[in-house]
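The next block holds one structure in the form of structure tokens; read it before the comments.
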Amino acid sequence: MTHHDEHDAHGERDARQPRLRRRAQGELESQVLAALHTARGPVSAAWVQERIGGDLAYTTVMTILTRLLAKDVVTRERAGRSFAWTPASDEAGLAAFRMRKVLDGESDREAVLASFVTTLTPDDEQLLRDLLGQAGAEADD
């Protein structure tokens, strides 16, 4: 009977892990960032957890915030015994982060980028060319 109970305990642990896998890490990062962007200032991890809702554990929210901090996407400041979190960029930065996440999830980056470029309007294509030209000029400096 004890062996069966241990198996059930393992089953529970294993059942929780796939849920996290199904909700892709990139999706969770985007949800956390979107929540931070609705805040009027620095907020706690508990505030983010509450805003996202669902069954996301506090420790999972902290893990995601820490990963985003390592990627320089969020900043944090001491607030008593914990931290207050803030997005490091504006809405445009959030959209760019999401675009990079999608691109990082694809195996053939060249095909994805080529397909993306073919869907751009002539104005957007020219804007992208101008931005790439500026980035190239800055890299040469």
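Identifiers for the structure tokens are assigned positionally: chains receive A, B, ... in sequence, residues are indexed from 1 per chain, and ligands are indexed from 1 in the order shown.
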- Output as a PyMOL selection string all residues of region 13-68 of chain A that backbone DSSP marks as alpha helix (DSSP H). chain A and resi 13-22+25-38+45-52+58-68
Residues near Ser89 (chain A), anyone? I mean within 8 Å using only C-alpha atoms, not counting same-chain ones fewer than 3 positions away, as a PyMOL selection string. chain A and resi 73-74+92-94
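Ranking A:Ala39, A:Ala88, A:Ala139, A:Leu103 by their shortest atom-to-atom distance to Arg76 (chain A), with only C-alpha atoms included, puts A:Ala88 first.
We find CA of Thr59 (chain A) and CA of Asp72 (chain A) to be spaced 19.8 Å apart.
With distances restricted to only C-alpha atoms, A:Asp104 is the closest residue to Gln25 (chain A) from A:Arg40, A:Val117, A:Asp104, A:Asp140.
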